[in-house]
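Here the structure comes first, spelled out in structure tokens, and everything after it is commentary.
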Amino acid sequence: MVVIGIAVFSYRPPLLNRGGRNPKEWLFDHILFSWHYTRSVWFEGVEGEESALPDRALAAWYHPALIEPIFGIPPSDYYSLAGLYESLGCPARAARLFEFDFERGASTPGRARQAILSCAGLGAWEEVERIAGRVASSDFPEGYYWLGRARFELEDCSSSKAETALLQAKNNLPDCADIYYQLGRVYRAMEDYKPAAESFRRAAEISPLHQKAWRALAELRKEPGYLSGPPDASEIADDLLPPLRAWARFGNELVLLGSSLIPPVIHGDDVFGLTLYYQTLPGVDRELLPLIKLKSSRSGKAILLTPVSLPRSPGEEYLVALVKIRVPRDIWPGATELSIGFLDSEGKLLRIFGERSYELPLSPTTVRPRIFRSNSEYCLSKEISADGVIDLGAETVLSGDSGVTIRPDSKIKVSGIGLISSTMDTVPLPEGTEVGRIECRQTDGRSSVLPVRLGRETADAYLDRWPSNITGHPPAEISSSQILREGGREFSAHSYQAVFRFPRPVRLEEIRLSYDYPARGAWMVRCLFLLTDPKKFISGGESESGRYSGTIENSALVDD
């Protein structure tokens with residue numbers, strides 16, 4: 001009751017008014033600050049720090065001295081503060097800050113555009129109307145568009161005022177499709193259907209992909225006594241809808257409307273096309289780069305694919321672009337999510353408007369394991385140097401309960417099997433922990449299971465990245481190494497070598513590799529080879545590399 005009694009006086013929040021506060025204002029500030037600060041402490045204790053941020057920002061709204069210590073933004077940086085409140089779901093306060101920042105600075109077209117687009121994205125049409133009313137001119141004709149748009153959206157101004165502003169915008173920007181679309185909306189609200197249809201049709205002529213204009217033409221045919229317009233407008237509008245709808249606005253640059261569907265199952269080294277449906281915002285006439293990620297639920301890591309620039313275009317155009325995606329060979333099998341973000345022309349990530357995230361999940365998919373033909377020259381010359389070694393030319397990545405099957409030439413008797421492999425990102429585990437297995441089925445029906453254990457037959461590729469006191473096991477025999485950099489420091493990534501010998505020479509019909517440590521991690525098999533003469537097998541590279549003509553051609557590689 002006290003708050004209600006106090007709230008009737010003229011009040012301006014302290015963040016927007018740095019002058020002295022009278023007792024009523026001070027009391028009002030203190031009560032609301034205490035309320036939101038207490039809520040933030042409670043949310044932090046129950047749900048974590050991220051959930052407490054909105055109430056912390058609201059507390060700082062009434063106690064500006066907290067802004068810089070908590071968020072690292074100077075209280076005088078109103079534009080950054082507006083972005084903070086917008087990202088935390090406080091649209092009314094964000095809009096006031098965007099407008100306040102504009103009022104305090106120079107009324108340049110660029111500054112006006114940022115303020116208007118930001119407020120329009122928040123649905124703050126009163127602020128848009130005030131800002132656009134100040135800057136609309138022949139030097140900034142976009143202002144007329146936004147002035148008319150705001151007047152129409154507010155619905156408390158007559159449609160004639162919205163029409164007047166939009167006609168001025170049309171005179172200055174005759175080839176802007178969205179001006180005609182907004183004019184059509186105004187005429188339809190006035191029940192003046194003929195100019196409405198003409199405006200919608202003109203918008204579709206300028207921008208044939210303008211789905212909203214086609215939809216509006218289709219809806220006009222439903223009006224009583226009005227049947228003008230293309231009869232197939234509804235079908236055209238439906239065809240322009242993205243199969244996967246995923247509306248999101250990235251900064252003040254573009255709106256992603258959706259995309260084509262991605263394959264439900266993919267493999268490493270696959271190539272598929274992703275069609276993006278999007279709309280650039282007014283004033284954007286530069287290249288934008290979609291940044292696509294494939295994120296494994298098992299690894300928690302995202303693989304960034306090479307960005308490809310989208311076509312340049314004027315603002316308010318509806319566009320479709322095809323992006324080719326090549327799946328990396330070393331992607332982990334299992335459930336995977338494809339997400340998308342965008343880079344501006346300076347290489348900075350665009351944040352999703354109204355959120356703290358920079359990427360939008362598009363669609364889940366499943367990665368199935370695949371056997372790749374390895375570079376035989378690399379495997380034989382750099383990893384193994386021996387006579388009597390048959391390189392099966394197989395590489396694969398396994399995780400979860402995935403496995404692959406290889407069928408070698410069953411006519412050849414072999415005395416053993418070897419591999420060069422490593423695990424990836426397993427947690428520190430004791431020596432001897434089984435992470436994979438090799439199942440060998442002979443032509444006579446007998447089979448054997450060969451365990452692949454940490455510290456004996458393989459180890460984590462990034463073992464050197466961990467502090468030595470938590471590795472849990474010494475590395476297996478290192479076969480090769482490469483230097484990687486992470487977090488500002490270098491470390492070695494290793495591949496490890498192991499050889500299994502059979503009691504007597506056998507003919508193998510099938511070899512199955514499987515990963516069987518499901519908690520976390522992946523198993524990367526770099527090279528798989530057979531031994532035909534154990535006496536001549538040498539580890540270390542002193543004799544000439546073994547060759548076996550026809551092995552790769554006669555081996556059947558089978559993905560499960």
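Just so we're on the same page: first chain in the structure tokens is A, next is B, and so on; residues restart at 1 for each chain, and ligands are numbered from 1 in the order they show up.
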
Kindly provide the residues of region 120-176 of chain A that approach region 84-108 of chain A to within 9 Å, each paired with its closest atom pair and their distance in Å to one decimal, based on only C-alpha atoms, listed by chain and increasing number, as JSON lines.
```
{"residue": "A:Ala120", "atom": "CA", "partner": "A:Ala95", "partner_atom": "CA", "distance": 8.9}
{"residue": "A:Leu122", "atom": "CA", "partner": "A:Pro91", "partner_atom": "CA", "distance": 5.8}
{"residue": "A:Gly123", "atom": "CA", "partner": "A:Pro91", "partner_atom": "CA", "distance": 8.2}
{"residue": "A:Ala124", "atom": "CA", "partner": "A:Ala95", "partner_atom": "CA", "distance": 6.3}
{"residue": "A:Glu127", "atom": "CA", "partner": "A:Glu99", "partner_atom": "CA", "distance": 6.5}
{"residue": "A:Val128", "atom": "CA", "partner": "A:Glu99", "partner_atom": "CA", "distance": 8.4}
{"residue": "A:Arg130", "atom": "CA", "partner": "A:Glu99", "partner_atom": "CA", "distance": 8.7}
{"residue": "A:Ile131", "atom": "CA", "partner": "A:Glu99", "partner_atom": "CA", "distance": 7.2}
{"residue": "A:Arg134", "atom": "CA", "partner": "A:Ser107", "partner_atom": "CA", "distance": 8.3}
{"residue": "A:Val135", "atom": "CA", "partner": "A:Ser107", "partner_atom": "CA", "distance": 7.0}
{"residue": "A:Phe140", "atom": "CA", "partner": "A:Thr108", "partner_atom": "CA", "distance": 8.9}
```

Output C-alpha atoms for every residue in that selection, as a compact mmCIF listing (two decimals), in the first residue's frame.
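Writing done, so here's part.txt:
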```txt
# COMPACT_ATOMS: atom_id res chain seq x y z
CA ALA A 120 11.24 -1.70 -33.03
CA LEU A 122 11.38 -4.60 -28.64
CA GLY A 123 7.94 -3.58 -29.90
CA ALA A 124 8.45 -0.15 -28.28
CA GLU A 127 9.80 5.34 -28.67
CA VAL A 128 10.09 4.54 -32.38
CA ARG A 130 9.28 9.85 -31.12
CA ILE A 131 12.75 9.10 -32.55
CA ARG A 134 12.74 13.84 -34.96
CA VAL A 135 14.92 12.50 -37.76
CA PHE A 140 17.00 10.02 -43.66
```

Self-check item: Nearby residues (only C-alpha atoms) at most 12 Å from Ile483 (chain A), same-chain spacing under 4 positions excluded, as a VMD selection string
Solution: chain A and resid 461 to 462 464 to 465 489 to 495

Quiz item: In region 44-140 of chain A, what's alpha helix (DSSP H) per DSSP? Answer as an MDAnalysis selection string?
Solution: chainID A and resid 44:47 49:62 67:71 78:87 91:104 109:121 125:135

DSSP on the backbone: what in region 165-260 of chain A comes out strand (DSSP E or B), as an mmCIF file with N, CA and C atoms, in the first residue's frame?
```cif
data_model
loop_
_atom_site.group_PDB
_atom_site.id
_atom_site.type_symbol
_atom_site.label_atom_id
_atom_site.label_comp_id
_atom_site.auth_asym_id
_atom_site.auth_seq_id
_atom_site.Cartn_x
_atom_site.Cartn_y
_atom_site.Cartn_z
ATOM 1 N N LEU A 244 11.748 -25.738 -42.165
ATOM 2 C CA LEU A 244 12.048 -25.678 -40.738
ATOM 3 C C LEU A 244 11.986 -24.216 -40.318
ATOM 4 N N ARG A 245 10.949 -23.852 -39.575
ATOM 5 C CA ARG A 245 10.782 -22.459 -39.175
ATOM 6 C C ARG A 245 11.523 -22.215 -37.862
ATOM 7 N N ALA A 246 12.313 -21.159 -37.858
ATOM 8 C CA ALA A 246 13.142 -20.868 -36.678
ATOM 9 C C ALA A 246 13.382 -19.368 -36.608
ATOM 10 N N TRP A 247 12.348 -18.612 -36.302
ATOM 11 C CA TRP A 247 12.450 -17.152 -36.320
ATOM 12 C C TRP A 247 13.388 -16.678 -35.228
ATOM 13 N N ALA A 248 14.351 -15.871 -35.612
ATOM 14 C CA ALA A 248 15.254 -15.244 -34.639
ATOM 15 C C ALA A 248 15.880 -14.032 -35.294
ATOM 16 N N ARG A 249 15.992 -12.972 -34.508
ATOM 17 C CA ARG A 249 16.615 -11.747 -35.015
ATOM 18 C C ARG A 249 18.028 -11.658 -34.468
ATOM 19 N N PHE A 250 18.991 -11.480 -35.367
ATOM 20 C CA PHE A 250 20.398 -11.382 -34.980
ATOM 21 C C PHE A 250 20.814 -9.920 -35.040
ATOM 22 N N LEU A 254 19.844 -8.891 -39.345
ATOM 23 C CA LEU A 254 18.953 -9.741 -40.127
ATOM 24 C C LEU A 254 18.018 -10.525 -39.221
ATOM 25 N N VAL A 255 16.975 -11.064 -39.853
ATOM 26 C CA VAL A 255 16.036 -11.967 -39.194
ATOM 27 C C VAL A 255 16.120 -13.307 -39.906
ATOM 28 N N LEU A 256 16.466 -14.346 -39.177
ATOM 29 C CA LEU A 256 16.464 -15.686 -39.746
ATOM 30 C C LEU A 256 15.050 -16.237 -39.652
ATOM 31 N N LEU A 257 14.484 -16.590 -40.797
ATOM 32 C CA LEU A 257 13.111 -17.079 -40.848
ATOM 33 C C LEU A 257 13.028 -18.598 -40.750
ATOM 34 N N GLY A 258 14.103 -19.264 -41.077
ATOM 35 C CA GLY A 258 14.119 -20.713 -41.006
ATOM 36 C C GLY A 258 15.108 -21.290 -42.001
ATOM 37 N N SER A 259 15.006 -22.575 -42.238
ATOM 38 C CA SER A 259 15.949 -23.247 -43.124
ATOM 39 C C SER A 259 15.299 -24.496 -43.696
#
```

Practice problem: For CA of Asp444 (chain A) and CA of Ile390 (chain A), determine how far apart the two atoms are, in Å to one decimal place. | Solution: 21.3 Å

Quiz prompt | Within 8 Å of region 218-225 of chain A using only C-alpha atoms, minus same-chain residues under 4 positions, as a list in words | solution = Tyr193, Ala197, Trp214, Gly229, Pro230, Pro231, Asp232, Ala233 and Ser234 of chain A

Those same residues, written as a PDB file, in the first residue's frame with C-alpha atoms?
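And here's part_27.pdb as it stands now:
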```pdb
ATOM      1  CA  TYR A 193      -9.133  -2.954 -50.607  1.00  0.00           C
ATOM      2  CA  ALA A 197      -4.119  -5.082 -53.247  1.00  0.00           C
ATOM      3  CA  TRP A 214       1.734 -12.957 -50.908  1.00  0.00           C
ATOM      4  CA  GLY A 229      -5.780 -10.624 -56.721  1.00  0.00           C
ATOM      5  CA  PRO A 230      -3.942 -13.721 -57.946  1.00  0.00           C
ATOM      6  CA  PRO A 231      -5.895 -16.871 -57.081  1.00  0.00           C
ATOM      7  CA  ASP A 232      -2.683 -18.798 -56.408  1.00  0.00           C
ATOM      8  CA  ALA A 233      -1.311 -16.271 -53.902  1.00  0.00           C
ATOM      9  CA  SER A 234      -1.948 -18.650 -51.015  1.00  0.00           C
TER      10      SER A 234
END
```

Practice problem: For region 397-401 of chain A, please output as a PyMOL selection string all residues within 8 Å (counting only C-alpha atoms; exclusion window: fewer than 2 positions along the same chain). | Solution: chain A and resi 298+330-334+369-370+395+403+514-525

Based on the selection just made, write N, CA and C atoms of those residues as a short mmCIF file (atom, residue, chain, number, x, y, z; two decimals), in the first residue's frame.
```
data_model
loop_
_atom_site.label_atom_id
_atom_site.label_comp_id
_atom_site.auth_asym_id
_atom_site.auth_seq_id
_atom_site.Cartn_x
_atom_site.Cartn_y
_atom_site.Cartn_z
N ARG A 298 27.49 -35.78 -26.54
CA ARG A 298 28.41 -36.58 -25.73
C ARG A 298 29.67 -35.79 -25.38
N ASP A 330 36.40 -36.20 -38.39
CA ASP A 330 36.61 -36.62 -37.00
C ASP A 330 35.44 -36.29 -36.08
N ILE A 331 34.24 -36.10 -36.64
CA ILE A 331 33.09 -35.81 -35.80
C ILE A 331 32.71 -37.06 -35.00
N TRP A 332 32.25 -36.86 -33.77
CA TRP A 332 31.89 -37.98 -32.91
C TRP A 332 30.54 -38.56 -33.30
N PRO A 333 30.41 -39.86 -33.35
CA PRO A 333 29.08 -40.46 -33.57
C PRO A 333 28.14 -40.19 -32.40
N GLY A 334 26.85 -40.22 -32.69
CA GLY A 334 25.85 -40.01 -31.65
C GLY A 334 24.94 -38.85 -31.96
N PRO A 369 28.83 -43.77 -37.33
CA PRO A 369 30.25 -43.95 -37.60
C PRO A 369 30.50 -44.38 -39.04
N ARG A 370 31.65 -44.05 -39.51
CA ARG A 370 32.01 -44.40 -40.89
C ARG A 370 33.48 -44.82 -40.92
N GLU A 395 40.37 -45.83 -41.25
CA GLU A 395 40.32 -44.91 -40.12
C GLU A 395 38.88 -44.79 -39.67
N GLY A 403 29.99 -48.88 -33.35
CA GLY A 403 31.00 -49.81 -33.82
C GLY A 403 30.99 -49.87 -35.33
N SER A 514 34.74 -51.61 -31.66
CA SER A 514 33.65 -50.99 -30.89
C SER A 514 34.21 -50.24 -29.71
N TYR A 515 33.52 -49.17 -29.36
CA TYR A 515 33.86 -48.34 -28.19
C TYR A 515 32.91 -48.76 -27.08
N ASP A 516 33.45 -49.08 -25.92
CA ASP A 516 32.57 -49.59 -24.87
C ASP A 516 32.78 -48.90 -23.52
N TYR A 517 33.19 -47.63 -23.58
CA TYR A 517 33.19 -46.85 -22.34
C TYR A 517 32.20 -45.71 -22.55
N PRO A 518 30.92 -45.91 -22.24
CA PRO A 518 29.88 -44.97 -22.67
C PRO A 518 29.80 -43.67 -21.91
N ALA A 519 30.48 -43.54 -20.76
CA ALA A 519 30.29 -42.34 -19.95
C ALA A 519 30.73 -41.08 -20.69
N ARG A 520 31.86 -41.13 -21.32
CA ARG A 520 32.35 -39.95 -22.02
C ARG A 520 33.52 -40.34 -22.91
N GLY A 521 33.73 -39.55 -23.96
CA GLY A 521 34.92 -39.71 -24.77
C GLY A 521 34.66 -40.40 -26.09
N ALA A 522 35.71 -40.48 -26.90
CA ALA A 522 35.66 -41.12 -28.21
C ALA A 522 36.98 -41.86 -28.44
N TRP A 523 36.94 -42.76 -29.38
CA TRP A 523 38.11 -43.57 -29.72
C TRP A 523 38.41 -43.33 -31.19
N MET A 524 39.60 -42.82 -31.47
CA MET A 524 40.00 -42.52 -32.85
C MET A 524 41.03 -43.55 -33.30
N VAL A 525 40.67 -44.34 -34.29
CA VAL A 525 41.58 -45.34 -34.86
C VAL A 525 42.21 -44.72 -36.11
#
```

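Separating CA of Cys119 (chain A) from CA of Arg351 (chain A) is a distance of 15.7 Å.
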
Self-check item: Top pick for closest residue to His30 (chain A), considering A:Ala115, A:Val499, A:Ala59, A:Leu310 and counting only C-alpha atoms
Solution: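 Residue with the minimum atom-to-atom distance to His30 (chain A): A:Ala59.
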
Quiz item: Between A:Arg188, A:Arg507, A:Arg373, A:Lys348, which has the minimum distance to Cys527 (chain A) (counting only C-alpha atoms)?
Solution: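 With only C-alpha atoms as the atom set, the closest residue is A:Arg373.
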